[in-house]
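Participant: Contents of protein-v6.txt (compact mmCIF, C-alpha atoms and all ligand atoms) are below:
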```
# COMPACT_ATOMS: atom_id res chain seq x y z
CA MET A 1 145.74 103.93 73.31
CA SER A 2 143.05 106.35 74.43
CA TRP A 3 142.27 106.39 78.13
CA GLU A 4 138.64 106.64 79.17
CA ALA A 5 139.10 106.85 82.93
CA PRO A 6 137.25 103.66 83.84
CA LEU A 7 134.88 103.85 86.80
CA ALA A 8 133.40 101.29 89.14
CA GLU A 9 129.95 99.92 88.42
CA ARG A 10 128.63 101.23 91.73
CA VAL A 11 129.32 104.80 90.66
CA ARG A 12 128.22 104.35 87.04
CA ASN A 13 124.75 103.54 88.33
CA LEU A 14 124.72 106.29 90.95
CA LYS A 15 122.73 109.47 90.33
CA PRO A 16 123.74 112.72 92.01
CA SER A 17 121.32 114.06 94.64
CA PRO A 18 118.50 115.67 92.58
CA THR A 19 117.63 118.20 95.27
CA LEU A 20 121.19 119.47 95.42
CA ALA A 21 121.17 119.59 91.60
CA VAL A 22 118.03 121.77 91.44
CA ASP A 23 119.46 124.04 94.12
CA ALA A 24 122.72 124.37 92.15
CA LYS A 25 120.81 125.23 88.95
CA ALA A 26 118.75 127.88 90.79
CA LYS A 27 121.86 129.38 92.39
CA ALA A 28 123.66 129.47 89.01
CA LEU A 29 120.72 131.30 87.39
CA LYS A 30 120.59 133.71 90.31
CA ALA A 31 124.33 134.40 89.92
CA GLN A 32 123.66 135.31 86.26
CA GLY A 33 121.22 137.93 87.51
CA VAL A 34 118.04 135.96 86.76
CA ASP A 35 115.28 136.79 89.22
CA ILE A 36 114.65 133.32 90.65
CA VAL A 37 112.18 132.51 93.41
CA ASN A 38 113.92 129.63 95.11
CA LEU A 39 111.51 127.20 96.76
CA SER A 40 113.86 124.25 96.41
CA ALA A 41 116.05 124.66 99.48
CA GLY A 42 116.36 121.72 101.85
CA GLU A 43 117.66 123.77 104.75
CA PRO A 44 116.41 126.42 107.18
CA ASP A 45 116.92 130.00 105.98
CA PHE A 46 117.79 131.13 109.52
CA ASP A 47 121.31 131.83 110.70
CA THR A 48 122.84 129.50 113.31
CA PRO A 49 121.99 130.96 116.76
CA ASP A 50 124.74 133.10 118.31
CA HIS A 51 125.41 131.02 121.43
CA ILE A 52 126.22 128.07 119.15
CA LYS A 53 128.61 130.11 117.03
CA GLU A 54 130.28 131.40 120.21
CA ALA A 55 130.96 127.83 121.35
CA ALA A 56 132.73 127.16 118.04
CA ILE A 57 134.74 130.38 118.22
CA LYS A 58 135.79 129.46 121.74
CA ALA A 59 136.82 125.98 120.55
CA ILE A 60 139.07 127.54 117.93
CA ARG A 61 140.57 130.02 120.43
CA ASP A 62 141.16 127.18 122.92
CA GLY A 63 143.03 125.22 120.27
CA PHE A 64 140.40 122.51 120.14
CA THR A 65 141.56 121.78 116.62
CA LYS A 66 142.99 118.27 116.75
CA TYR A 67 141.66 114.77 116.05
CA THR A 68 139.11 113.64 118.60
CA ALA A 69 137.82 110.17 119.46
CA VAL A 70 136.40 108.67 116.24
CA ALA A 71 132.85 108.40 117.60
CA GLY A 72 132.82 111.91 119.08
CA ILE A 73 133.83 113.76 122.25
CA PRO A 74 132.26 112.76 125.59
CA GLU A 75 130.69 116.22 125.98
CA LEU A 76 128.76 115.80 122.71
CA LYS A 77 127.75 112.22 123.48
CA GLU A 78 126.43 113.36 126.86
CA ALA A 79 124.40 116.11 125.19
CA ILE A 80 122.98 113.55 122.72
CA ALA A 81 122.14 111.14 125.56
CA ALA A 82 120.38 113.98 127.40
CA LYS A 83 118.35 114.80 124.29
CA MET A 84 117.34 111.12 123.95
CA LYS A 85 116.26 111.12 127.58
CA ARG A 86 114.38 114.43 127.37
CA ASP A 87 112.49 113.76 124.12
CA TYR A 88 112.18 109.96 124.05
CA ASN A 89 112.54 108.99 127.69
CA THR A 90 115.22 106.47 126.69
CA GLU A 91 118.67 106.00 128.24
CA TYR A 92 121.67 105.58 125.98
CA SER A 93 125.20 105.03 127.26
CA ALA A 94 128.35 106.38 125.59
CA ASP A 95 128.99 103.13 123.69
CA GLU A 96 125.49 103.31 122.19
CA ILE A 97 126.08 106.73 120.57
CA ILE A 98 128.24 107.86 117.66
CA ALA A 99 128.55 111.34 116.14
CA SER A 100 129.29 111.58 112.41
CA THR A 101 129.65 114.11 109.62
CA GLY A 102 125.93 114.81 109.25
CA GLY A 103 122.90 112.57 109.43
CA LYS A 104 123.65 111.53 105.85
CA GLN A 105 126.96 109.95 106.88
CA VAL A 106 125.22 108.21 109.77
CA LEU A 107 122.80 106.64 107.29
CA TYR A 108 125.61 105.72 104.90
CA ASN A 109 127.58 104.03 107.69
CA ILE A 110 124.51 102.15 108.92
CA MET A 111 123.84 100.67 105.47
CA GLN A 112 127.49 99.64 105.16
CA ALA A 113 127.32 98.09 108.62
CA ILE A 114 124.09 96.08 108.37
CA LEU A 115 123.62 95.10 104.70
CA ASP A 116 125.04 92.20 102.74
CA PRO A 117 124.53 92.11 98.97
CA GLY A 118 120.90 91.29 98.20
CA ASP A 119 119.56 92.31 101.61
CA GLU A 120 116.31 94.23 101.37
CA VAL A 121 115.42 97.57 102.93
CA ILE A 122 111.81 98.73 102.93
CA ILE A 123 111.42 102.39 102.02
CA PRO A 124 108.02 104.10 102.26
CA VAL A 125 107.23 106.30 99.22
CA PRO A 126 107.49 109.31 98.96
CA TYR A 127 110.99 108.98 100.40
CA TRP A 128 113.95 111.23 101.06
CA VAL A 129 116.01 111.31 97.85
CA SER A 130 119.13 109.66 99.25
CA TYR A 131 117.64 106.51 100.84
CA PRO A 132 117.62 104.28 97.74
CA ALA A 133 121.14 105.30 96.71
CA LEU A 134 122.50 104.74 100.24
CA VAL A 135 120.99 101.24 100.28
CA GLU A 136 122.32 100.42 96.79
CA LEU A 137 125.82 101.69 97.59
CA ALA A 138 125.93 98.98 100.26
CA GLY A 139 124.73 96.31 97.80
CA GLY A 140 121.23 96.33 99.30
CA VAL A 141 117.95 96.27 97.39
CA PRO A 142 115.35 98.97 98.13
CA GLN A 143 111.77 97.70 98.37
CA PHE A 144 109.25 100.49 97.92
CA LEU A 145 106.11 100.72 100.03
CA MET A 146 103.61 103.06 98.37
CA CYS A 147 101.79 105.44 100.71
CA SER A 148 98.81 107.44 99.62
CA ALA A 149 98.10 111.15 99.89
CA ASP A 150 94.44 110.20 100.44
CA ASP A 151 95.50 108.72 103.81
CA GLY A 152 97.72 111.70 104.60
CA PHE A 153 100.75 109.55 103.61
CA ALA A 154 100.14 107.23 106.57
CA LEU A 155 102.02 103.91 106.52
CA ASP A 156 100.20 101.11 104.74
CA ILE A 157 100.69 98.48 107.44
CA ASP A 158 99.07 95.62 105.49
CA GLY A 159 101.20 96.50 102.49
CA LEU A 160 104.26 96.52 104.73
CA ALA A 161 103.43 93.14 106.25
CA SER A 162 103.04 91.59 102.79
CA MET A 163 106.47 92.85 101.63
CA ILE A 164 108.51 91.28 104.39
CA THR A 165 110.76 88.44 103.22
CA SER A 166 113.62 86.45 104.74
CA ARG A 167 115.97 89.06 103.19
CA THR A 168 114.30 92.05 104.88
CA ARG A 169 116.97 93.72 106.99
CA ALA A 170 115.45 97.10 107.78
CA ILE A 171 112.75 99.68 107.22
CA ILE A 172 113.51 103.39 107.06
CA LEU A 173 111.05 105.72 108.78
CA ASN A 174 111.20 109.50 108.47
CA SER A 175 108.69 111.34 110.62
CA PRO A 176 107.95 114.18 110.10
CA SER A 177 108.85 113.47 106.51
CA ASN A 178 110.86 115.17 103.85
CA PRO A 179 109.15 115.69 101.36
CA THR A 180 105.56 115.28 102.65
CA GLY A 181 105.69 116.84 106.14
CA ALA A 182 103.59 113.90 107.36
CA ALA A 183 104.19 112.40 110.80
CA TYR A 184 103.34 108.78 111.59
CA SER A 185 100.66 107.99 114.14
CA GLU A 186 101.54 106.21 117.38
CA LYS A 187 99.48 103.27 116.22
CA ASP A 188 101.48 102.89 113.00
CA LEU A 189 104.78 103.15 114.89
CA GLU A 190 103.50 100.48 117.27
CA GLU A 191 102.64 98.21 114.32
CA VAL A 192 106.07 98.67 112.74
CA ALA A 193 107.70 97.82 116.08
CA ARG A 194 105.58 94.68 116.32
CA LEU A 195 106.42 93.52 112.76
CA ALA A 196 110.12 94.26 113.27
CA SER A 197 110.30 92.16 116.39
CA GLN A 198 108.20 89.36 114.88
CA HIS A 199 110.35 89.13 111.73
CA GLY A 200 113.67 90.37 113.08
CA PHE A 201 114.65 93.49 111.17
CA TYR A 202 116.02 96.90 112.08
CA ILE A 203 113.96 100.08 112.25
CA ILE A 204 116.04 102.99 111.02
CA SER A 205 114.29 106.04 112.43
CA ASP A 206 115.42 109.21 110.67
CA ASP A 207 114.27 111.80 113.21
CA ILE A 208 116.01 114.80 111.67
CA TYR A 209 112.77 116.90 111.72
CA ASP A 210 111.55 115.62 115.11
CA GLU A 211 111.48 119.04 116.74
CA ILE A 212 110.05 120.94 113.78
CA ARG A 213 106.38 120.18 114.36
CA PHE A 214 103.19 122.22 114.16
CA ASP A 215 100.62 119.62 115.15
CA GLY A 216 101.10 120.27 118.86
CA LYS A 217 102.59 116.80 119.35
CA ALA A 218 105.87 116.04 121.10
CA PRO A 219 108.63 114.17 119.24
CA ALA A 220 107.83 110.45 119.05
CA ASN A 221 109.60 107.45 117.55
CA VAL A 222 109.45 103.67 117.82
CA VAL A 223 111.53 103.66 120.99
CA SER A 224 109.42 106.21 122.84
CA ILE A 225 106.27 104.35 121.78
CA ASN A 226 107.60 100.87 122.50
CA PRO A 227 110.78 100.69 124.64
CA GLU A 228 111.06 96.97 123.85
CA CYS A 229 112.19 97.61 120.30
CA ARG A 230 115.26 99.47 121.56
CA ASP A 231 117.51 96.56 120.53
CA ARG A 232 116.45 96.85 116.87
CA ALA A 233 115.97 100.63 116.59
CA LEU A 234 118.65 102.77 114.97
CA ILE A 235 117.81 106.34 115.93
CA VAL A 236 119.32 108.82 113.46
CA ASN A 237 119.29 112.55 114.08
CA GLY A 238 121.47 115.64 113.79
CA VAL A 239 121.67 119.34 114.40
CA SER A 240 121.29 120.47 110.75
CA LYS A 241 117.58 121.19 110.64
CA THR A 242 116.58 121.87 114.26
CA TYR A 243 119.35 124.41 114.91
CA ALA A 244 119.89 125.76 111.37
CA MET A 245 123.35 124.12 111.22
CA THR A 246 123.42 122.37 107.83
CA GLY A 247 126.93 123.54 107.02
CA TRP A 248 128.43 122.36 110.30
CA ARG A 249 127.91 118.68 109.43
CA ILE A 250 127.08 116.94 112.70
CA GLY A 251 124.66 114.03 112.86
CA TYR A 252 124.41 111.10 115.23
CA LEU A 253 123.19 107.57 115.81
CA ALA A 254 121.81 106.12 119.03
CA GLY A 255 121.35 102.37 118.89
CA PRO A 256 122.60 98.94 119.91
CA ALA A 257 126.29 98.98 120.92
CA ALA A 258 127.17 96.36 118.28
CA VAL A 259 125.88 98.53 115.42
CA VAL A 260 127.44 101.68 116.87
CA LYS A 261 130.77 99.85 117.15
CA ALA A 262 130.49 98.64 113.54
CA THR A 263 129.76 102.14 112.19
CA SER A 264 132.61 103.47 114.30
CA LYS A 265 134.96 100.96 112.65
CA ILE A 266 133.80 102.12 109.20
CA GLN A 267 134.18 105.75 110.24
CA SER A 268 137.67 105.10 111.65
CA GLN A 269 138.80 103.80 108.24
CA SER A 270 137.05 106.46 106.16
CA THR A 271 136.54 109.94 107.61
CA SER A 272 137.68 109.57 111.27
CA ASN A 273 136.04 111.91 113.77
CA PRO A 274 133.57 114.59 112.69
CA ASN A 275 134.98 118.14 112.78
CA SER A 276 136.22 118.95 116.30
CA ILE A 277 134.95 122.55 116.29
CA ALA A 278 131.53 121.56 114.97
CA GLN A 279 131.29 118.92 117.73
CA LYS A 280 131.68 121.67 120.36
CA ALA A 281 129.05 123.74 118.55
CA ALA A 282 126.65 120.78 118.36
CA ALA A 283 127.12 120.09 122.08
CA ALA A 284 126.25 123.73 122.79
CA ALA A 285 123.20 123.46 120.52
CA LEU A 286 121.85 120.34 122.23
CA SER A 287 122.56 121.38 125.81
CA GLY A 288 122.13 125.18 125.60
CA PRO A 289 118.92 127.24 125.60
CA GLN A 290 116.26 125.66 123.38
CA ASP A 291 114.06 128.72 122.77
CA CYS A 292 115.67 129.29 119.34
CA ILE A 293 113.75 126.22 118.14
CA GLN A 294 110.42 127.77 119.11
CA THR A 295 111.32 131.04 117.36
CA MET A 296 112.10 129.23 114.10
CA ASN A 297 109.11 126.92 114.42
CA SER A 298 106.64 129.78 114.76
CA ALA A 299 107.98 131.26 111.52
CA PHE A 300 107.73 127.87 109.79
CA ALA A 301 104.19 127.38 111.11
CA GLU A 302 103.03 130.76 109.81
CA ARG A 303 104.56 130.12 106.37
CA LYS A 304 103.05 126.63 106.26
CA GLU A 305 99.56 128.06 106.85
CA TYR A 306 100.10 130.55 104.08
CA ILE A 307 101.61 128.28 101.43
CA VAL A 308 99.13 125.46 101.99
CA SER A 309 96.17 127.82 101.68
CA ARG A 310 97.59 129.41 98.53
CA LEU A 311 98.24 125.98 96.97
CA ARG A 312 94.78 124.72 97.86
CA GLY A 313 93.36 127.91 96.37
CA ILE A 314 94.61 126.91 92.92
CA ASP A 315 92.14 124.84 90.90
CA GLY A 316 93.51 121.33 90.38
CA VAL A 317 96.16 121.43 93.15
CA LYS A 318 95.69 119.04 96.08
CA CYS A 319 97.84 119.40 99.18
CA VAL A 320 98.04 117.36 102.38
CA GLU A 321 98.45 119.43 105.57
CA PRO A 322 102.05 118.98 106.82
CA SER A 323 102.56 118.08 110.50
CA GLY A 324 106.17 119.21 110.52
CA ALA A 325 109.43 119.83 108.59
CA PHE A 326 109.34 122.73 106.09
CA TYR A 327 107.95 121.39 102.84
CA ALA A 328 104.60 121.38 101.07
CA PHE A 329 104.09 118.44 98.71
CA PRO A 330 101.07 119.06 96.48
CA ASP A 331 99.68 116.66 93.88
CA MET A 332 99.98 118.52 90.55
CA SER A 333 99.00 115.67 88.25
CA ALA A 334 95.81 117.49 87.18
CA PHE A 335 98.07 119.65 85.00
CA TYR A 336 99.75 116.74 83.20
CA GLY A 337 98.67 116.60 79.58
CA LYS A 338 98.28 120.38 79.37
CA LYS A 339 100.32 122.41 76.92
CA HIS A 340 102.35 125.57 76.79
CA ALA A 341 103.78 127.06 73.59
CA GLY A 342 103.41 123.73 71.81
CA SER A 343 105.15 121.60 74.43
CA THR A 344 103.30 119.25 76.73
CA ILE A 345 103.60 119.04 80.51
CA SER A 346 103.76 115.30 80.91
CA ASP A 347 105.25 114.66 84.37
CA SER A 348 106.84 116.28 87.42
CA LEU A 349 110.13 116.89 85.60
CA THR A 350 108.57 118.75 82.66
CA LEU A 351 106.36 120.72 85.07
CA ALA A 352 109.33 121.71 87.25
CA ASP A 353 111.25 122.71 84.12
CA TYR A 354 108.31 124.78 82.87
CA LEU A 355 108.06 126.53 86.25
CA LEU A 356 111.79 127.28 86.23
CA GLU A 357 111.97 128.45 82.61
CA SER A 358 108.68 130.36 82.40
CA ALA A 359 107.94 131.48 85.93
CA ARG A 360 111.47 131.46 87.40
CA ILE A 361 110.38 129.28 90.31
CA ALA A 362 112.84 126.64 91.51
CA CYS A 363 111.15 123.57 93.02
CA VAL A 364 111.86 119.85 93.15
CA PRO A 365 109.98 117.34 90.93
CA GLY A 366 108.21 114.58 92.84
CA ILE A 367 109.95 111.87 90.82
CA ALA A 368 113.06 112.61 92.92
CA PHE A 369 111.07 111.33 95.92
CA GLY A 370 109.58 108.35 94.07
CA ASP A 371 106.16 109.79 93.17
CA ASP A 372 105.77 111.57 89.86
CA ARG A 373 102.43 113.21 90.65
CA PHE A 374 103.91 115.68 93.10
CA ILE A 375 106.15 118.76 93.36
CA ARG A 376 108.03 119.75 96.51
CA PHE A 377 107.96 123.40 97.54
CA SER A 378 110.18 124.37 100.46
CA TYR A 379 108.94 127.15 102.71
CA ALA A 380 112.28 127.60 104.46
CA THR A 381 112.47 131.08 103.02
CA ASP A 382 111.00 134.58 103.57
CA MET A 383 107.25 135.10 103.54
CA ALA A 384 107.74 137.68 100.75
CA VAL A 385 109.54 135.09 98.59
CA ILE A 386 106.83 132.50 99.25
CA LYS A 387 104.13 135.02 98.32
CA GLU A 388 105.90 135.96 95.08
CA GLY A 389 106.40 132.25 94.32
CA MET A 390 102.72 131.47 94.82
CA ASP A 391 101.68 134.47 92.67
CA ARG A 392 103.96 133.25 89.89
CA LEU A 393 102.80 129.65 90.28
CA GLU A 394 99.15 130.59 90.04
CA LYS A 395 99.81 132.65 86.91
CA ALA A 396 102.01 130.01 85.24
CA LEU A 397 99.51 127.20 85.88
CA GLY A 398 96.71 129.44 84.61
CA GLU A 399 98.56 129.87 81.31
CA LEU A 400 98.57 126.15 80.58
CA GLU A 401 96.04 125.00 78.04
C1 LIG B 501 118.50 116.98 105.73
C2 LIG B 501 118.15 115.55 105.95
C3 LIG B 501 119.04 114.60 106.51
C4 LIG B 501 120.45 114.79 106.92
O1 LIG B 501 121.00 115.99 106.88
P1 LIG B 501 122.51 116.21 107.40
O2 LIG B 501 122.74 117.64 107.06
O3 LIG B 501 123.39 115.26 106.67
O4 LIG B 501 122.51 115.94 108.87
C5 LIG B 501 118.58 113.31 106.71
N1 LIG B 501 117.35 112.96 106.40
C6 LIG B 501 116.47 113.82 105.87
C7 LIG B 501 115.11 113.33 105.57
C8 LIG B 501 116.83 115.14 105.61
O5 LIG B 501 115.94 115.97 105.06
```
Here is the file; what I need is its structure written in the form of structure tokens.
Ligand SMILES: *Cc1c(COP(=O)(O)O)cnc(C)c1O
Facilitator:
Amino acid sequence: MSWEAPLAERVRNLKPSPTLAVDAKAKALKAQGVDIVNLSAGEPDFDTPDHIKEAAIKAIRDGFTKYTAVAGIPELKEAIAAKMKRDYNTEYSADEIIASTGGKQVLYNIMQAILDPGDEVIIPVPYWVSYPALVELAGGVPQFLMCSADDGFALDIDGLASMITSRTRAIILNSPSNPTGAAYSEKDLEEVARLASQHGFYIISDDIYDEIRFDGKAPANVVSINPECRDRALIVNGVSKTYAMTGWRIGYLAGPAAVVKATSKIQSQSTSNPNSIAQKAAAAALSGPQDCIQTMNSAFAERKEYIVSRLRGIDGVKCVEPSGAFYAFPDMSAFYGKKHAGSTISDSLTLADYLLESARIACVPGIAFGDDRFIRFSYATDMAVIKEGMDRLEKALGELE
């Protein structure tokens, strides 16, 4: 009898991360010698700062290479608590903090810990690619809240209020946002906090870009705005983006002790502690000198100015001004219906393919983030690369008929 390697339903319905897929395709083309302008990266182009690397090297030399406590070493938890105090003026004790293998694992563990099959999670659109899959892997049902570029991707509070049901377990906020760069206003955060306490659901606050901001505002989340929602706020963060440490894989959760304990149980039976050496490095990142953030942010800010003005300079392209993170998310739908060499650009996928094949620009189609009108361009790369990318984009769009 032939053997077809049967797989579980949950994985048959699971799509691989589209952003990682585009990045892999661009890297493969580059390896073949194709001159690709890669504007698809979801990570800072900077190297991890030296003092952080030194802490890891010291950890290795000191033999800090064994299992640690599942939820992380006290030194790292203290550094996380200090960050929560410094940026959000909120106290968290050791049993209210867990470190995991990246922010993504934190989110995975949270969904496993709080969702029963059929429970609903409200996800504002455009969303980070992994949110729906993380919810579905836990048997949850994503409920999409459309947000409009005309309002700068602000939360539609009335829309949110009308979606809440008895099955609503959580909402996921991501501010500043990947892919839009938008940051929520204090008023909207206040409204979400009010609805969450009225109806009894969690607020999962993915703050991974909280310190990469250009709008002159300090990091803010539901807890800093309204300390009373502390018992329903799950604050997710990590060192990947702020400290250019994507490969180190350290993220964390600060939240109610019961949820932290539940995710710790899941972690203890799945991956155990996050990497011991990376924990030392993350502790050094959070408690060491913070001027590296400013250095990277000024580069991001300069590139943002440039890419947004180039995009807006192209007839038909509309782009909201990002408040933070390192992505521009222009509406490209004015080009849908146009043709090139007999084939029609009909959506974000065909446009992204056209840009890759004809102009050698790698970017991520908006459909990956739940809105087909858009394309995500990352500016976490050299100014020269961004300039070349924008030159090619302008030319390629100009050639459409
Ligand atoms: C990059 C990213 C994360 C998590 O990254 P990790 O490397 O797993 O810490 C989470 N949320 C968003 C929106 C991101 O862009």
Participant: Find the residues near Met146 in chain A: any atom within 12 Å, counting all atoms listed in the file, skip ones fewer than 2 places away on the same chain, and give them as a VMD selection string.
Facilitator: chain A and resid 122 to 127 143 to 144 148 to 151 153 to 160 163 369 to 371
Participant: Which residue out of A:Ala257, A:Ala325, A:Ser197, A:Ser40 has the minimum interatomic distance to Tyr209 in chain A when all atoms listed in the file are used?
Facilitator: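 Of all the options, A:Ala325 lies closest to Tyr209 in chain A.
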Participant: Would you tabulate, counting all atoms listed in the file, all residues of chain A that have an atom at most 8 Å from an atom of ligand LIG 501 (chain B), showing the closest pair of atoms and their distance in Å to one decimal, sorted by chain then ascending number, as a tab-separated table?
Facilitator:
```
residue	atom	partner	partner_atom	distance
A:Gly42	CA	B:LIG501	C1	6.5
A:Glu43	CA	B:LIG501	C1	6.9
A:Thr101	CA	B:LIG501	O3	7.0
A:Gly102	CA	B:LIG501	O4	3.6
A:Gly103	CA	B:LIG501	O4	3.4
A:Lys104	CA	B:LIG501	O3	3.8
A:Gln105	CA	B:LIG501	O3	6.4
A:Val106	CA	B:LIG501	O3	7.9
A:Leu107	CA	B:LIG501	C5	7.9
A:Tyr127	CA	B:LIG501	C7	7.9
A:Trp128	CA	B:LIG501	C7	5.1
A:Asn174	CA	B:LIG501	C7	6.2
A:Ser177	CA	B:LIG501	C7	6.3
A:Asn178	CA	B:LIG501	C7	4.9
A:Pro179	CA	B:LIG501	C7	7.7
A:Asp206	CA	B:LIG501	N1	6.0
A:Asp207	CA	B:LIG501	N1	7.6
A:Ile208	CA	B:LIG501	N1	5.7
A:Tyr209	CA	B:LIG501	O5	7.4
A:Asn237	CA	B:LIG501	O4	7.0
A:Gly238	CA	B:LIG501	O4	5.0
A:Val239	CA	B:LIG501	O4	6.5
A:Ser240	CA	B:LIG501	O2	4.9
A:Lys241	CA	B:LIG501	C1	6.5
A:Met245	CA	B:LIG501	O2	7.7
A:Thr246	CA	B:LIG501	O2	4.8
A:Gly247	CA	B:LIG501	O2	7.2
A:Arg249	CA	B:LIG501	O2	5.8
A:Ile250	CA	B:LIG501	O4	6.0
A:Gly251	CA	B:LIG501	O4	4.9
```
Participant: Between A:Ala299, A:Phe46, A:Ala55, A:Ala254, which residue has the minimum interatomic distance to Tyr92 in chain A, considering only C-alpha atoms?
Facilitator: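 Closest to Tyr92 in chain A of all the choices is A:Ala254.
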Participant: Skip Val308 in chain A itself and residues of its chain fewer than 5 positions away, then list as JSON, numbers by chain all residues within 9 Å of it, counting all atoms listed in the file.
Facilitator: {"A": [303, 313, 319, 320, 321, 322, 328, 330]}
Participant: Restricting it to C-alpha atoms, dump the selection as a tab-separated table (two decimals), in the frame of the given file.
Facilitator:
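As written to disk, out39.tsv reads:
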```tsv
chain	number	residue	atom	x	y	z
A	303	ARG	CA	104.56	130.12	106.37
A	313	GLY	CA	93.36	127.91	96.37
A	319	CYS	CA	97.84	119.40	99.18
A	320	VAL	CA	98.04	117.36	102.38
A	321	GLU	CA	98.45	119.43	105.57
A	322	PRO	CA	102.05	118.98	106.82
A	328	ALA	CA	104.60	121.38	101.07
A	330	PRO	CA	101.07	119.06	96.48
```
Participant: Point out the residue among A:Glu96, A:Asp231, A:Asp87, A:Asp331 with the least atom-to-atom distance to Ala218 in chain A, counting only C-alpha atoms.
Facilitator: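 When distances to Ala218 in chain A are compared using only C-alpha atoms, the smallest one comes from A:Asp87.
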Participant: Would you mind telling me which residue in A:Ala278, A:Val222, A:Ala81, A:Val317 lies nearest to Ser93 in chain A when using all atoms listed in the file?
Facilitator: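 Ranked by minimum distance to Ser93 in chain A, first place goes to A:Ala81.
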Participant: Provide the CA of Asp119 in chain A to CA of Ala262 in chain A distance in Å, to one decimal place.
Facilitator: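 Separating CA of Asp119 in chain A from CA of Ala262 in chain A is a distance of 17.4 Å.
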Participant: Rank nothing, just name the residue among A:Leu349, A:Val223, A:Leu393, A:Ala301 nearest to Lys85 in chain A, using only C-alpha atoms.
Facilitator: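 Smallest distance to Lys85 in chain A is found for A:Val223.
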Participant: Using all atoms listed in the file, which of A:Cys147, A:Ile277, A:Ile80, A:Ala31 sits nearest Ala99 in chain A?
Facilitator: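 So, comparing all the options, the nearest one is A:Ile80.
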Participant: List every protein, DNA or RNA residue that has an atom no more than 12 Å from (116.1, 129.9, 97.2) in the file's coordinate frame, counting all atoms listed in the file, and report them as a VMD selection string.
Facilitator: chain A and resid 19 to 20 22 to 31 35 to 45 360 to 364 377 to 382 384 to 386 389
Participant: Please provide as a VMD selection string all residues within 6 Å of Ala183 in chain A, with the sequence filter that same-chain residues fewer than 4 positions apart are discarded (counting all atoms listed in the file).
Facilitator: chain A and resid 175 to 176 323
Participant: Could you check how far CA of Pro16 in chain A sits from CA of Tyr108 in chain A, in Å to one decimal?
Facilitator: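 That distance, rounded to one decimal, is 14.8 Å.
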Participant: How far is it from CA of Thr295 in chain A to CA of Asn275 in chain A, in Å with one decimal?
Facilitator: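 CA of Thr295 in chain A sits 27.3 Å away from CA of Asn275 in chain A.
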Participant: Around range 17-24 of chain A, with edges along x, y and z and 6 Å added on all six sides, what centre and edge lengths do you get, in Å to one decimal, as lines of an AutoDock Vina configuration file?
Facilitator:
```
center_x = 120.2
center_y = 119.2
center_z = 93.4
size_x = 17.1
size_y = 22.3
size_z = 16.0
```
Participant: Using all atoms listed in the file, which protein or nucleic acid residues come within 8 Å of Glu401 in chain A? Drop anything in the same chain fewer than 5 positions from it, and give the result as a compact mmCIF listing (two decimals) with C-alpha atoms, keeping the file's coordinate frame.
Facilitator:
```txt
# COMPACT_ATOMS: atom_id res chain seq x y z
CA LYS A 338 98.28 120.38 79.37
CA LYS A 339 100.32 122.41 76.92
CA HIS A 340 102.35 125.57 76.79
```
Participant: Skipping near chain neighbours, those fewer than 6 positions away, what residues fall within 12 Å of Ala334 in chain A using all atoms listed in the file, listed as a list in words?
Facilitator: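 Within the cut-off, the hits are Ile314, Asp315, Gly316, Val317, Lys318, Ile345, Ser346, Asp347, Ser348, Leu351, Asp372, Arg373, Phe374, Leu397, Leu400 and Glu401 of chain A.
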